[in-house]
>>> print(open('target.csv').read())   # CSV, C-alpha atoms
chain,number,residue,atom,x,y,z
I,1027,MET,CA,14.6,206.7,194.0
I,1028,PRO,CA,17.9,204.8,193.8
I,1029,LEU,CA,20.2,207.9,193.7
I,1030,TYR,CA,19.7,211.3,195.4
I,1031,GLN,CA,21.8,214.4,194.9
I,1032,GLY,CA,21.6,216.7,197.9
I,1033,ASP,CA,21.9,216.8,201.7
I,1034,CYS,CA,21.7,213.3,203.2
I,1035,MET,CA,19.5,214.4,206.1
I,1036,GLU,CA,16.9,215.7,203.7
I,1037,ALA,CA,17.2,212.6,201.6
I,1038,MET,CA,16.8,210.3,204.6
I,1039,ARG,CA,13.8,212.2,205.9
I,1040,ARG,CA,12.2,211.9,202.5
I,1041,LEU,CA,12.9,208.1,202.5
I,1042,LYS,CA,11.2,207.8,205.9
I,1043,ARG,CA,8.1,209.7,204.7
I,1044,PHE,CA,7.8,207.2,201.9
I,1045,GLY,CA,8.2,204.3,204.4
I,1046,LYS,CA,11.4,203.1,202.9
I,1047,LYS,CA,13.5,200.6,204.8
I,1048,VAL,CA,17.0,199.2,204.1
I,1049,HIS,CA,18.8,195.9,205.0
I,1050,LEU,CA,22.4,197.2,205.1
I,1051,THR,CA,24.4,200.5,205.1
I,1052,VAL,CA,27.9,200.6,203.7
I,1053,CYS,CA,29.4,204.1,203.7
I,1054,ASP,CA,32.8,205.6,203.4
I,1055,VAL,CA,32.1,208.6,205.7
I,1056,PRO,CA,33.8,211.9,204.8
I,1057,PHE,CA,36.7,211.9,207.1
I,1058,GLY,CA,39.5,214.0,205.8
I,1059,VAL,CA,40.2,213.6,202.1
I,1060,ASN,CA,41.2,216.9,200.6
I,1061,PHE,CA,39.4,218.9,203.3
I,1062,GLY,CA,41.5,221.9,202.5
I,1063,ASN,CA,39.8,222.1,199.1
I,1064,SER,CA,36.4,220.8,200.2
I,1065,LYS,CA,33.3,222.5,199.0
I,1066,HIS,CA,31.3,221.4,202.0
I,1067,TYR,CA,33.6,220.9,205.1
I,1068,ASN,CA,36.6,222.6,206.6
I,1069,ASP,CA,38.0,219.6,208.5
I,1070,ARG,CA,37.3,216.1,209.6
I,1071,PHE,CA,35.8,217.1,212.9
I,1072,ASN,CA,33.0,219.1,211.2
I,1073,VAL,CA,31.9,215.7,209.8
I,1074,VAL,CA,32.3,213.9,213.1
I,1075,ASP,CA,30.2,216.5,214.9
I,1076,ARG,CA,27.3,215.4,212.6
I,1077,GLY,CA,27.9,211.7,212.9
I,1078,THR,CA,25.3,210.9,215.5
I,1079,GLU,CA,22.7,213.1,213.7
I,1080,TRP,CA,23.3,211.2,210.5
I,1081,LEU,CA,23.4,207.8,212.1
I,1082,GLU,CA,20.1,208.4,214.0
I,1083,GLN,CA,18.4,208.8,210.6
I,1084,VAL,CA,20.2,205.7,209.2
I,1085,TYR,CA,19.1,203.7,212.2
I,1086,ASP,CA,15.4,204.6,211.6
I,1087,LEU,CA,15.7,203.4,208.0
I,1088,HIS,CA,17.0,200.0,209.0
I,1089,TYR,CA,15.1,196.8,209.4
I,1090,ASP,CA,15.7,195.0,212.7
I,1091,ASP,CA,18.7,192.6,212.9
I,1092,THR,CA,20.6,194.3,210.1
I,1093,PHE,CA,24.2,195.5,209.7
I,1094,ILE,CA,26.0,198.7,209.1
I,1095,PHE,CA,29.6,199.1,207.9
I,1096,LEU,CA,31.4,202.4,208.1
I,1097,TYR,CA,34.8,203.2,206.5
I,1098,VAL,CA,36.3,205.7,209.0
I,1099,GLY,CA,39.5,207.6,209.7
I,1100,SER,CA,42.0,206.1,212.1
I,1101,LYS,CA,42.1,209.5,214.0
I,1102,THR,CA,38.4,209.6,214.4
I,1103,ILE,CA,37.5,205.9,214.8
I,1104,HIS,CA,36.5,206.4,218.5
I,1105,HIS,CA,34.1,209.3,217.6
I,1106,TRP,CA,32.3,207.1,215.0
I,1107,ILE,CA,32.0,204.2,217.4
I,1108,ASN,CA,30.4,206.5,219.9
I,1109,ALA,CA,28.1,208.0,217.2
I,1110,MET,CA,27.1,204.5,216.1
I,1111,GLU,CA,26.1,203.5,219.6
I,1112,ALA,CA,24.5,206.8,220.4
I,1113,ALA,CA,22.3,206.4,217.4
I,1114,GLY,CA,21.1,203.0,218.6
I,1115,PHE,CA,23.3,200.5,216.8
I,1116,THR,CA,25.4,198.0,218.7
I,1117,TYR,CA,29.0,198.3,217.8
I,1118,VAL,CA,30.4,194.8,217.0
I,1119,ASP,CA,34.0,195.0,215.9
I,1120,THR,CA,36.5,196.8,213.6
I,1121,ILE,CA,37.9,195.3,210.4
I,1122,ALA,CA,41.4,196.4,209.6
I,1123,ALA,CA,41.9,196.6,205.9
I,1124,GLN,CA,45.0,197.7,204.0
I,1125,THR,CA,44.8,200.7,201.7
I,1126,PHE,CA,47.2,202.0,199.0
I,1127,THR,CA,49.3,205.1,199.7
I,1128,ASN,CA,51.6,207.2,197.6
I,1129,GLY,CA,54.7,205.4,198.9
I,1130,ASN,CA,56.6,208.5,199.8
I,1131,TYR,CA,58.9,208.4,202.7
I,1132,ASN,CA,57.1,209.7,205.8
I,1133,LYS,CA,59.7,211.3,208.2
I,1134,LYS,CA,57.0,212.1,210.8
I,1135,GLY,CA,55.5,208.7,211.4
I,1136,PHE,CA,54.2,205.4,210.1
I,1137,ASP,CA,52.8,205.0,206.6
I,1138,ASN,CA,49.0,205.6,206.6
I,1139,SER,CA,48.1,202.2,205.0
I,1140,PHE,CA,45.4,201.2,207.6
I,1141,GLN,CA,41.7,201.5,206.7
I,1142,PRO,CA,39.5,200.8,209.7
I,1143,ILE,CA,36.0,199.6,208.9
I,1144,ILE,CA,33.7,199.6,212.0
I,1145,TYR,CA,30.6,197.5,211.9
I,1146,GLY,CA,27.5,197.3,214.1
I,1147,VAL,CA,24.0,195.9,214.1
I,1148,LYS,CA,20.5,197.1,214.7
I,1149,GLY,CA,18.9,194.5,217.0
I,1150,ARG,CA,20.3,191.0,217.0
I,1151,LYS,CA,23.5,190.0,215.4
I,1152,ARG,CA,22.8,187.3,212.8
I,1153,ASP,CA,25.2,184.7,211.3
I,1154,PHE,CA,27.0,185.8,208.3
I,1155,ASN,CA,26.3,184.2,204.9
I,1156,LYS,CA,29.1,182.1,203.4
I,1157,VAL,CA,30.9,183.9,200.7
I,1158,ASP,CA,33.7,182.5,198.5
I,1159,PHE,CA,36.3,185.1,199.3
I,1160,ILE,CA,39.5,183.7,200.8
I,1161,PRO,CA,41.1,180.6,199.1
I,1162,THR,CA,42.0,177.7,201.3
I,1163,SER,CA,45.7,177.2,201.6
I,1164,GLU,CA,47.3,174.7,199.3
I,1165,ALA,CA,48.8,172.9,202.3
I,1166,TRP,CA,45.4,172.4,204.0
I,1167,MET,CA,43.8,171.3,200.7
I,1168,LYS,CA,46.4,168.5,200.6
I,1169,ASP,CA,46.3,167.7,204.3
I,1170,LYS,CA,44.8,164.2,205.0
I,1171,ARG,CA,42.9,165.6,207.9
I,1172,ASN,CA,40.9,167.9,205.6
I,1173,GLU,CA,38.0,165.7,204.6
I,1174,LYS,CA,35.8,168.3,202.9
I,1175,LYS,CA,38.4,169.8,200.6
I,1176,ASN,CA,36.5,173.1,200.3
I,1177,PRO,CA,38.5,175.5,198.0
I,1178,PHE,CA,37.5,178.5,200.1
I,1179,THR,CA,37.6,179.2,203.8
I,1180,TYR,CA,34.7,180.8,205.7
I,1181,ASN,CA,36.7,181.8,208.8
I,1182,TYR,CA,37.1,185.4,207.7
I,1183,PRO,CA,39.9,187.4,209.3
I,1184,ASN,CA,39.3,190.9,210.6
I,1185,PHE,CA,42.5,192.0,209.0
I,1186,ILE,CA,42.2,192.0,205.3
I,1187,THR,CA,45.4,192.4,203.3
I,1188,ARG,CA,46.1,193.8,199.9
I,1189,ASP,CA,46.7,190.4,198.4
I,1190,ILE,CA,43.2,189.4,199.3
I,1191,CYS,CA,41.3,192.6,198.6
I,1192,PRO,CA,42.5,196.1,199.3
I,1193,ALA,CA,40.2,198.8,200.7
I,1194,ASN,CA,40.7,201.3,198.0
I,1195,VAL,CA,41.7,201.6,194.3
I,1196,LYS,CA,45.3,202.3,193.2
I,1197,PRO,CA,45.4,204.3,190.0
I,1198,ASN,CA,47.7,203.5,187.1
I,1199,ALA,CA,48.2,204.5,183.5
I,1200,GLN,CA,45.1,202.6,182.4
I,1201,ARG,CA,42.9,203.3,185.4
I,1202,LYS,CA,42.2,206.8,186.6
I,1203,LEU,CA,40.3,207.4,189.9
I,1204,PHE,CA,36.7,208.4,189.8
I,1205,HIS,CA,37.2,209.9,193.3
I,1206,PRO,CA,40.4,210.8,195.3
I,1207,ASN,CA,39.5,208.1,197.9
I,1208,GLU,CA,37.7,205.7,195.7
I,1209,LYS,CA,36.8,202.4,197.5
I,1210,ASN,CA,37.4,199.0,196.0
I,1211,VAL,CA,34.1,197.6,194.7
I,1212,ASP,CA,35.2,194.0,195.3
I,1213,MET,CA,35.7,194.7,199.0
I,1214,ILE,CA,32.3,196.3,199.3
I,1215,GLN,CA,30.6,193.5,197.4
I,1216,PHE,CA,32.1,191.0,199.8
I,1217,LEU,CA,30.5,192.9,202.8
I,1218,ILE,CA,27.2,193.1,200.9
I,1219,GLU,CA,27.1,189.4,200.0
I,1220,LEU,CA,28.1,188.5,203.6
I,1221,THR,CA,25.2,190.2,205.2
I,1222,THR,CA,22.3,190.4,202.7
I,1223,THR,CA,20.4,188.3,200.1
I,1224,GLU,CA,19.5,189.1,196.5
I,1225,GLY,CA,16.8,191.7,196.2
I,1226,GLU,CA,17.5,193.4,199.6
I,1227,TRP,CA,18.3,197.1,199.9
I,1228,VAL,CA,21.8,198.5,200.4
I,1229,PHE,CA,22.2,202.2,201.5
I,1230,ASP,CA,25.1,204.7,201.2
I,1231,PHE,CA,24.4,208.1,202.6
I,1232,ALA,CA,27.7,209.6,201.3
I,1233,MET,CA,28.2,207.6,198.2
I,1234,GLY,CA,30.9,209.7,196.4
I,1235,SER,CA,31.5,208.2,193.0
I,1236,GLY,CA,29.1,205.3,193.7
I,1237,SER,CA,31.2,202.3,194.6
I,1238,THR,CA,28.7,200.9,197.1
I,1239,CYS,CA,25.9,201.1,194.5
I,1240,VAL,CA,28.0,199.5,191.8
I,1241,ALA,CA,28.8,196.6,194.2
I,1242,ALA,CA,25.2,196.2,195.1
I,1243,LYS,CA,24.1,196.1,191.5
I,1244,ARG,CA,26.8,193.6,190.6
I,1245,CYS,CA,25.5,191.1,193.2
I,1246,GLY,CA,21.8,191.6,192.5
I,1247,ARG,CA,20.9,193.9,195.4
I,1248,ASN,CA,18.8,197.0,195.3
I,1249,PHE,CA,20.5,200.2,196.3
I,1250,ILE,CA,20.0,203.8,197.4
I,1251,GLY,CA,22.8,206.3,197.3
I,1252,VAL,CA,23.1,209.9,198.3
I,1253,ASP,CA,25.8,212.5,197.7
I,1254,LEU,CA,26.0,216.3,198.2
I,1255,ASP,CA,28.5,216.9,195.4
I,1256,GLN,CA,26.9,217.2,192.0
I,1257,ASP,CA,30.1,216.2,190.1
I,1258,TYR,CA,30.5,212.9,192.0
I,1259,PHE,CA,26.8,212.3,191.7
I,1260,ASP,CA,27.0,212.6,188.0
I,1261,ILE,CA,30.0,210.2,187.9
I,1262,ALA,CA,28.0,207.7,190.0
I,1263,MET,CA,25.1,207.9,187.6
I,1264,GLU,CA,27.4,207.3,184.6
I,1265,ARG,CA,29.2,204.3,186.3
I,1266,LEU,CA,25.9,202.7,187.1
I,1267,SER,CA,24.6,203.2,183.6
I,1268,ASN,CA,27.6,201.3,182.3
I,1269,GLU,CA,27.2,198.3,184.6
>>> encode(input="target.csv", output="structure tokens")
Amino acid sequence: MPLYQGDCMEAMRRLKRFGKKVHLTVCDVPFGVNFGNSKHYNDRFNVVDRGTEWLEQVYDLHYDDTFIFLYVGSKTIHHWINAMEAAGFTYVDTIAAQTFTNGNYNKKGFDNSFQPIIYGVKGRKRDFNKVDFIPTSEAWMKDKRNEKKNPFTYNYPNFITRDICPANVKPNAQRKLFHPNEKNVDMIQFLIELTTTEGEWVFDFAMGSGSTCVAAKRCGRNFIGVDLDQDYFDIAMERLSNE
């Protein structure tokens, strides 16, 4: 059952009944995109109130010593950290990623170009895998003190800029969005490759248009995705069939 359309609580209970376990969760939690027009939630805090309930189920599905990454809203980050820890995960850190905005002048404050990604672990925090993600600077490659001359660096920053890998997708004339807050598959694939091995299971309990599942498929991982919205579920199915 790689994809499930319906309520994530029901889906997770079903997975538990079948004894299913996962090695990683990557989820862009519903935190405020178009809530005025939402079919399912009135505002971001309706979602936050259910955060611990959802994450308790996610925790039960996880193998020990495995990671969880949640894309969350900057105004509710503290709620999600609390929910993560209340569910049993240990909060580790926050990754600050850049996200595309519409570029309009904001007279009321700073541009909302910050995408927090909080991550935690069930059990013991393991070492990350090495992933070719950030090129080593040209200056260091030429430096006489650099004996290994590795073209990539494995000292990953916790602030990831657009020139490396943005958090979301910017539409253009050739590329329309599958989802109003569609996440960048490359960024998710980096997180998956960093914390899992081929054949392991990646889970997204609010998959939207399926970016997590697409990323998992591209790097040889198994995946389970759930979404309440039938339209986005259908888009995810189509995207995966084209991979």
>>> closest_atom_pairs(input="target.csv", of="region 1089-1155 of chain I", to="region 1170-1194 of chain I", cutoff="12 Å", atoms="all atoms listed in the file", output="JSON lines")
{"residue": "I:Tyr1097", "atom": "CA", "partner": "I:Ala1193", "partner_atom": "CA", "distance": 9.1}
{"residue": "I:Val1098", "atom": "CA", "partner": "I:Ala1193", "partner_atom": "CA", "distance": 11.5}
{"residue": "I:Val1118", "atom": "CA", "partner": "I:Asn1184", "partner_atom": "CA", "distance": 11.6}
{"residue": "I:Asp1119", "atom": "CA", "partner": "I:Asn1184", "partner_atom": "CA", "distance": 8.5}
{"residue": "I:Thr1120", "atom": "CA", "partner": "I:Asn1184", "partner_atom": "CA", "distance": 7.2}
{"residue": "I:Ile1121", "atom": "CA", "partner": "I:Asn1184", "partner_atom": "CA", "distance": 4.6}
{"residue": "I:Ala1122", "atom": "CA", "partner": "I:Phe1185", "partner_atom": "CA", "distance": 4.6}
{"residue": "I:Ala1123", "atom": "CA", "partner": "I:Ile1186", "partner_atom": "CA", "distance": 4.6}
{"residue": "I:Gln1124", "atom": "CA", "partner": "I:Thr1187", "partner_atom": "CA", "distance": 5.4}
{"residue": "I:Thr1125", "atom": "CA", "partner": "I:Ala1193", "partner_atom": "CA", "distance": 5.1}
{"residue": "I:Phe1126", "atom": "CA", "partner": "I:Asn1194", "partner_atom": "CA", "distance": 6.6}
{"residue": "I:Thr1127", "atom": "CA", "partner": "I:Asn1194", "partner_atom": "CA", "distance": 9.6}
{"residue": "I:Ser1139", "atom": "CA", "partner": "I:Ala1193", "partner_atom": "CA", "distance": 9.6}
{"residue": "I:Phe1140", "atom": "CA", "partner": "I:Ala1193", "partner_atom": "CA", "distance": 9.0}
{"residue": "I:Gln1141", "atom": "CA", "partner": "I:Ala1193", "partner_atom": "CA", "distance": 6.7}
{"residue": "I:Pro1142", "atom": "CA", "partner": "I:Ala1193", "partner_atom": "CA", "distance": 9.2}
{"residue": "I:Ile1143", "atom": "CA", "partner": "I:Ala1193", "partner_atom": "CA", "distance": 9.2}
{"residue": "I:Ile1144", "atom": "CA", "partner": "I:Asn1184", "partner_atom": "CA", "distance": 10.4}
{"residue": "I:Tyr1145", "atom": "CA", "partner": "I:Asn1184", "partner_atom": "CA", "distance": 11.0}
{"residue": "I:Asp1153", "atom": "CA", "partner": "I:Tyr1180", "partner_atom": "CA", "distance": 11.7}
{"residue": "I:Phe1154", "atom": "CA", "partner": "I:Tyr1180", "partner_atom": "CA", "distance": 9.5}
{"residue": "I:Asn1155", "atom": "CA", "partner": "I:Tyr1180", "partner_atom": "CA", "distance": 9.1}
>>> closest_residue(input="target.csv", among="I:Ala1037, I:Val1195, I:Leu1081, I:Cys1245", to="Leu1220 (chain I)", atoms="only C-alpha atoms")
I:Cys1245
>>> closest_residue(input="target.csv", among="I:Gly1246, I:Val1055, I:Phe1115, I:Val1147", to="Thr1102 (chain I)", atoms="all atoms listed in the file")
I:Val1055
>>> closest_residue(input="target.csv", among="I:Val1228, I:Val1084, I:Val1252, I:Met1263", to="Ala1109 (chain I)", atoms="all atoms listed in the file")
I:Val1084
>>> closest_residue(input="target.csv", among="I:Glu1111, I:Lys1101, I:Ala1242, I:Met1167", to="Glu1082 (chain I)", atoms="all atoms listed in the file")
I:Glu1111
>>> atom_distance(input="target.csv", atom1="CA of Phe1229 (chain I)", atom2="CA of His1105 (chain I)")
21.2 Å
>>> atom_distance(input="target.csv", atom1="CA of Met1038 (chain I)", atom2="CA of Thr1051 (chain I)")
12.4 Å
>>> residues_around(input="target.csv", residues="Gly1236 (chain I)", least_positions_apart="3", cutoff="6 Å", atoms="all atoms listed in the file", output="count of residues only")
3
>>> atom_distance(input="target.csv", atom1="CA of Lys1133 (chain I)", atom2="CA of Ser1100 (chain I)")
18.9 Å
>>> closest_residue(input="target.csv", among="I:Asp1054, I:Glu1036, I:Glu1164, I:Glu1264", to="Asp1230 (chain I)", atoms="only C-alpha atoms")
I:Asp1054
>>> residues_near_point(input="target.csv", point="(18.6, 190.5, 199.5)", cutoff="8 Å", atoms="all atoms listed in the file", output="compact mmCIF listing (two decimals) with C-alpha atoms, in the frame of the given file")
# COMPACT_ATOMS: atom_id res chain seq x y z
CA HIS I 1049 18.80 195.90 205.00
CA THR I 1222 22.30 190.40 202.70
CA THR I 1223 20.40 188.30 200.10
CA GLU I 1224 19.50 189.10 196.50
CA GLY I 1225 16.80 191.70 196.20
CA GLU I 1226 17.50 193.40 199.60
CA TRP I 1227 18.30 197.10 199.90
CA GLY I 1246 21.80 191.60 192.50
CA ARG I 1247 20.90 193.90 195.40
CA ASN I 1248 18.80 197.00 195.30
>>> residues_around(input="target.csv", residues="Leu1254 (chain I)", least_positions_apart="6", cutoff="10 Å", atoms="all atoms listed in the file", output="PyMOL selection string")
chain I and resi 1030-1034+1065-1066+1231-1234
>>> decode(input="target.csv", residues="region 1123-1186 of chain I", atoms="C-alpha atoms", output="CSV table (one decimal), in the first residue's frame")
chain,number,residue,atom,x,y,z
I,1123,ALA,CA,16.3,26.5,4.2
I,1124,GLN,CA,15.4,29.3,1.8
I,1125,THR,CA,12.1,29.4,0.0
I,1126,PHE,CA,10.9,31.3,-3.0
I,1127,THR,CA,8.3,34.1,-2.5
I,1128,ASN,CA,6.4,36.3,-4.8
I,1129,GLY,CA,8.9,39.1,-4.5
I,1130,ASN,CA,6.2,41.8,-3.7
I,1131,TYR,CA,7.2,44.6,-1.4
I,1132,ASN,CA,6.1,43.8,2.2
I,1133,LYS,CA,5.3,47.0,4.1
I,1134,LYS,CA,4.5,45.1,7.3
I,1135,GLY,CA,7.7,43.1,7.9
I,1136,PHE,CA,10.5,40.9,6.5
I,1137,ASP,CA,10.1,38.8,3.4
I,1138,ASN,CA,8.9,35.3,4.3
I,1139,SER,CA,11.7,33.4,2.6
I,1140,PHE,CA,12.6,31.2,5.6
I,1141,GLN,CA,11.6,27.5,5.6
I,1142,PRO,CA,12.3,25.8,8.9
I,1143,ILE,CA,12.8,22.1,8.8
I,1144,ILE,CA,12.9,20.5,12.3
I,1145,TYR,CA,14.4,17.1,12.7
I,1146,GLY,CA,14.4,14.5,15.5
I,1147,VAL,CA,15.2,10.9,16.2
I,1148,LYS,CA,13.5,7.9,17.7
I,1149,GLY,CA,16.1,6.4,19.9
I,1150,ARG,CA,19.8,6.9,19.3
I,1151,LYS,CA,21.1,9.6,16.8
I,1152,ARG,CA,23.1,7.8,14.2
I,1153,ASP,CA,25.9,9.2,12.0
I,1154,PHE,CA,24.7,10.6,8.7
I,1155,ASN,CA,25.5,9.0,5.4
I,1156,LYS,CA,27.9,10.9,3.1
I,1157,VAL,CA,26.0,12.5,0.2
I,1158,ASP,CA,27.5,14.4,-2.7
I,1159,PHE,CA,25.5,17.6,-2.2
I,1160,ILE,CA,27.7,20.7,-1.6
I,1161,PRO,CA,30.7,21.2,-3.9
I,1162,THR,CA,34.0,22.0,-2.3
I,1163,SER,CA,35.1,25.5,-3.0
I,1164,GLU,CA,37.6,26.1,-5.8
I,1165,ALA,CA,40.0,27.8,-3.4
I,1166,TRP,CA,40.1,24.8,-1.1
I,1167,MET,CA,40.5,22.3,-4.1
I,1168,LYS,CA,43.6,24.3,-5.1
I,1169,ASP,CA,45.0,24.7,-1.6
I,1170,LYS,CA,48.2,22.8,-0.9
I,1171,ARG,CA,47.0,21.8,2.5
I,1172,ASN,CA,44.1,19.9,0.9
I,1173,GLU,CA,45.5,16.4,0.4
I,1174,LYS,CA,42.3,14.5,-0.5
I,1175,LYS,CA,41.0,16.8,-3.1
I,1176,ASN,CA,37.4,15.6,-2.6
I,1177,PRO,CA,35.1,17.6,-5.0
I,1178,PHE,CA,32.3,17.6,-2.4
I,1179,THR,CA,32.2,18.6,1.3
I,1180,TYR,CA,30.5,16.5,3.9
I,1181,ASN,CA,30.3,19.2,6.5
I,1182,TYR,CA,26.7,20.1,5.9
I,1183,PRO,CA,25.4,23.5,7.0
I,1184,ASN,CA,22.1,23.9,8.8
I,1185,PHE,CA,21.3,26.9,6.6
I,1186,ILE,CA,20.7,25.8,3.0
